[in-house]
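Colleague: I am attaching a structure below and will ask some questions about it afterwards.
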Amino acid sequence: MCGAGAETSVQCVLQTDVLQALPSLPSQNPHAEGVSNDEFRAAMSRLAGGVVLVTAHDEDAGPRGEDVGMTATAFLSVSIDPPLVLVSVRNGSRMDDLLAEQPLWAVSVLSESQRHVAGRFAMKGRISDRLLFDDIPYKRGPLSGAPLVGGALSTLECRTEQRVEAGDHTLVIARVLGVDLPSAEGGPLSYFRGRYRQLG
């Protein structure tokens, strides 16, 4: 997981959409500054990141609402006093649209045994979020109302305090309202060079 140091934080913020498969083709379409999308993705893929599931509850989606989930590696601590975290979400995504309206959300820090959870919520053209949650054990956070995944190394419930547009993503900065440490066993799930990995 990314630390709170200035240099590490900058690296984490720059990490965009690392869950996409990295192209092996030569770099194309360089920006005015001379760095292409492919070159940038390849460089950032060499920065290992922790994997989390960001969740929120959309109260306006039907009579019982709907739970929404998103796999993320661009998640980091920002401040201890007050306790602040940051997650980067792609502009126009379902999660971005929901967090623009819903200030309460949660994060489950995934363990090495939860690769299937990360992969499921990172799929493109996926089925509805309601079906994705069907066979995943979770409890509803008492503060956020968002799903907290069973077996996670830790969970955090958050309230958005600031949104910062940054290129094709939005940085969502939130105060941590509550934490739980449900699992003391197993290592973290990490992402490196386009693949989920475990320590060791």
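Naming scheme: A, B, ... for chains in displayed order of the structure tokens; residues 1 onward per chain; ligands 1 onward as shown.
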Could you please write out, as a PyMOL selection string, every residue of range 53-172 of chain A that DSSP assigns to alpha helix (DSSP H)?
Modeller: chain A and resi 94-101+115-120+129-132
Colleague: So that I can see what lies close to range 105-121 of chain A, please list as a ChimeraX atom specification the residues with an atom at most 8 Å from it, counting only C-alpha atoms and leaving out residues fewer than 4 positions away in the same chain.
Modeller: /A:50-57,69-71,99,132,136,141,144-149,151-160,186-190,196-198
Colleague: Identify which of the residues A:Pro103, A:Gly167, A:Gly34, A:Pro63 lies closest to Arg90 in chain A, counting only C-alpha atoms when measuring atom-to-atom distances.
Modeller: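 Distance minimum relative to Arg90 in chain A lands on A:Gly167.
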Colleague: As an exercise, work out the distance from CA of Ala74 in chain A to CA of Ser88 in chain A in Å and give it to one decimal place.
Modeller: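 Interatomic distance here is 5.6 Å.
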Colleague: Could you write out, as a PyMOL selection string, all the residues of range 138-181 of chain A that DSSP marks as strand (DSSP E or B)?
Modeller: chain A and resi 138-140+147-149+154-166+169-180
Colleague: Counting only C-alpha atoms, which of A:Ile80, A:Met44, A:Val35, A:Val68 gets nearest to Arg175 in chain A?
Modeller: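 The closest residue to Arg175 in chain A is A:Ile80.
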Colleague: Between CA of Ser36 in chain A and CA of Thr73 in chain A, what is the distance in Å, rounded to a tenth?
Modeller: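 One can read the CA of Ser36 in chain A to CA of Thr73 in chain A distance as 21.3 Å.
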Colleague: In Å, rounded to a single decimal, give me how far CA of Thr170 in chain A is from CA of Tyr191 in chain A.
Modeller: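 Here the two named atoms are 20.8 Å from each other.
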Colleague: Just want the 8 Å neighbourhood of Leu171 in chain A, counted on only C-alpha atoms, with same-chain residues fewer than 2 positions away dropped. Output as a CSV table (one decimal) with all heavy atoms, in the first residue's frame.
Modeller:
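Just written: result_9.csv:
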```
chain,number,residue,atom,x,y,z
A,86,LEU,N,-7.1,9.2,-0.1
A,86,LEU,CA,-7.4,9.7,-1.4
A,86,LEU,C,-7.6,8.5,-2.3
A,86,LEU,O,-6.8,7.5,-2.2
A,86,LEU,CB,-6.3,10.6,-1.9
A,86,LEU,CG,-6.3,11.1,-3.3
A,86,LEU,CD1,-5.5,12.4,-3.4
A,86,LEU,CD2,-5.6,10.1,-4.3
A,87,VAL,N,-8.5,8.5,-3.2
A,87,VAL,CA,-8.7,7.5,-4.3
A,87,VAL,C,-8.9,8.3,-5.6
A,87,VAL,O,-9.5,9.3,-5.7
A,87,VAL,CB,-9.9,6.6,-4.0
A,87,VAL,CG1,-11.2,7.3,-4.1
A,87,VAL,CG2,-9.8,5.4,-4.9
A,88,SER,N,-8.3,7.7,-6.6
A,88,SER,CA,-8.4,8.3,-8.0
A,88,SER,C,-9.4,7.5,-8.8
A,88,SER,O,-9.3,6.3,-8.9
A,88,SER,CB,-7.0,8.2,-8.7
A,88,SER,OG,-7.1,8.7,-10.0
A,89,VAL,N,-10.5,8.2,-9.3
A,89,VAL,CA,-11.5,7.5,-10.1
A,89,VAL,C,-11.6,8.1,-11.5
A,89,VAL,O,-11.3,9.3,-11.7
A,89,VAL,CB,-12.9,7.6,-9.4
A,89,VAL,CG1,-12.9,6.9,-8.0
A,89,VAL,CG2,-13.3,9.1,-9.2
A,163,ARG,N,-13.0,17.2,-3.9
A,163,ARG,CA,-12.8,16.5,-5.2
A,163,ARG,C,-11.9,17.4,-6.1
A,163,ARG,O,-12.2,18.6,-6.2
A,163,ARG,CB,-14.1,16.3,-5.9
A,163,ARG,CG,-15.0,15.2,-5.3
A,163,ARG,CD,-16.4,15.2,-5.8
A,163,ARG,NE,-16.4,15.0,-7.3
A,163,ARG,CZ,-16.4,13.8,-7.9
A,163,ARG,NH1,-16.4,12.7,-7.1
A,163,ARG,NH2,-16.5,13.7,-9.2
A,164,VAL,N,-10.9,16.8,-6.7
A,164,VAL,CA,-9.9,17.6,-7.5
A,164,VAL,C,-9.8,16.9,-8.9
A,164,VAL,O,-9.4,15.8,-9.0
A,164,VAL,CB,-8.5,17.6,-6.8
A,164,VAL,CG1,-7.5,18.4,-7.7
A,164,VAL,CG2,-8.6,18.2,-5.4
A,165,GLU,N,-10.2,17.7,-9.9
A,165,GLU,CA,-10.1,17.1,-11.3
A,165,GLU,C,-8.6,17.1,-11.7
A,165,GLU,O,-7.9,18.1,-11.5
A,165,GLU,CB,-10.9,18.0,-12.2
A,165,GLU,CG,-12.4,17.8,-12.0
A,165,GLU,CD,-13.2,18.5,-13.2
A,165,GLU,OE1,-12.5,18.8,-14.2
A,165,GLU,OE2,-14.4,18.6,-13.0
A,166,ALA,N,-8.1,16.0,-12.2
A,166,ALA,CA,-6.7,15.8,-12.6
A,166,ALA,C,-6.7,15.0,-13.9
A,166,ALA,O,-6.7,13.8,-13.8
A,166,ALA,CB,-5.9,15.1,-11.5
A,169,HIS,N,-9.0,11.8,-14.7
A,169,HIS,CA,-9.4,11.2,-13.4
A,169,HIS,C,-9.8,12.3,-12.4
A,169,HIS,O,-9.5,13.5,-12.6
A,169,HIS,CB,-8.3,10.3,-12.8
A,169,HIS,CG,-8.3,9.0,-13.3
A,169,HIS,ND1,-8.0,8.7,-14.7
A,169,HIS,CD2,-8.4,7.8,-12.7
A,169,HIS,CE1,-8.0,7.4,-14.9
A,169,HIS,NE2,-8.2,6.8,-13.7
A,173,ILE,N,-10.7,13.1,-2.1
A,173,ILE,CA,-10.1,13.1,-0.8
A,173,ILE,C,-11.2,13.1,0.3
A,173,ILE,O,-12.2,13.8,0.2
A,173,ILE,CB,-9.3,14.4,-0.6
A,173,ILE,CG1,-8.2,14.5,-1.7
A,173,ILE,CG2,-8.7,14.5,0.8
A,173,ILE,CD1,-7.5,15.9,-1.8
```
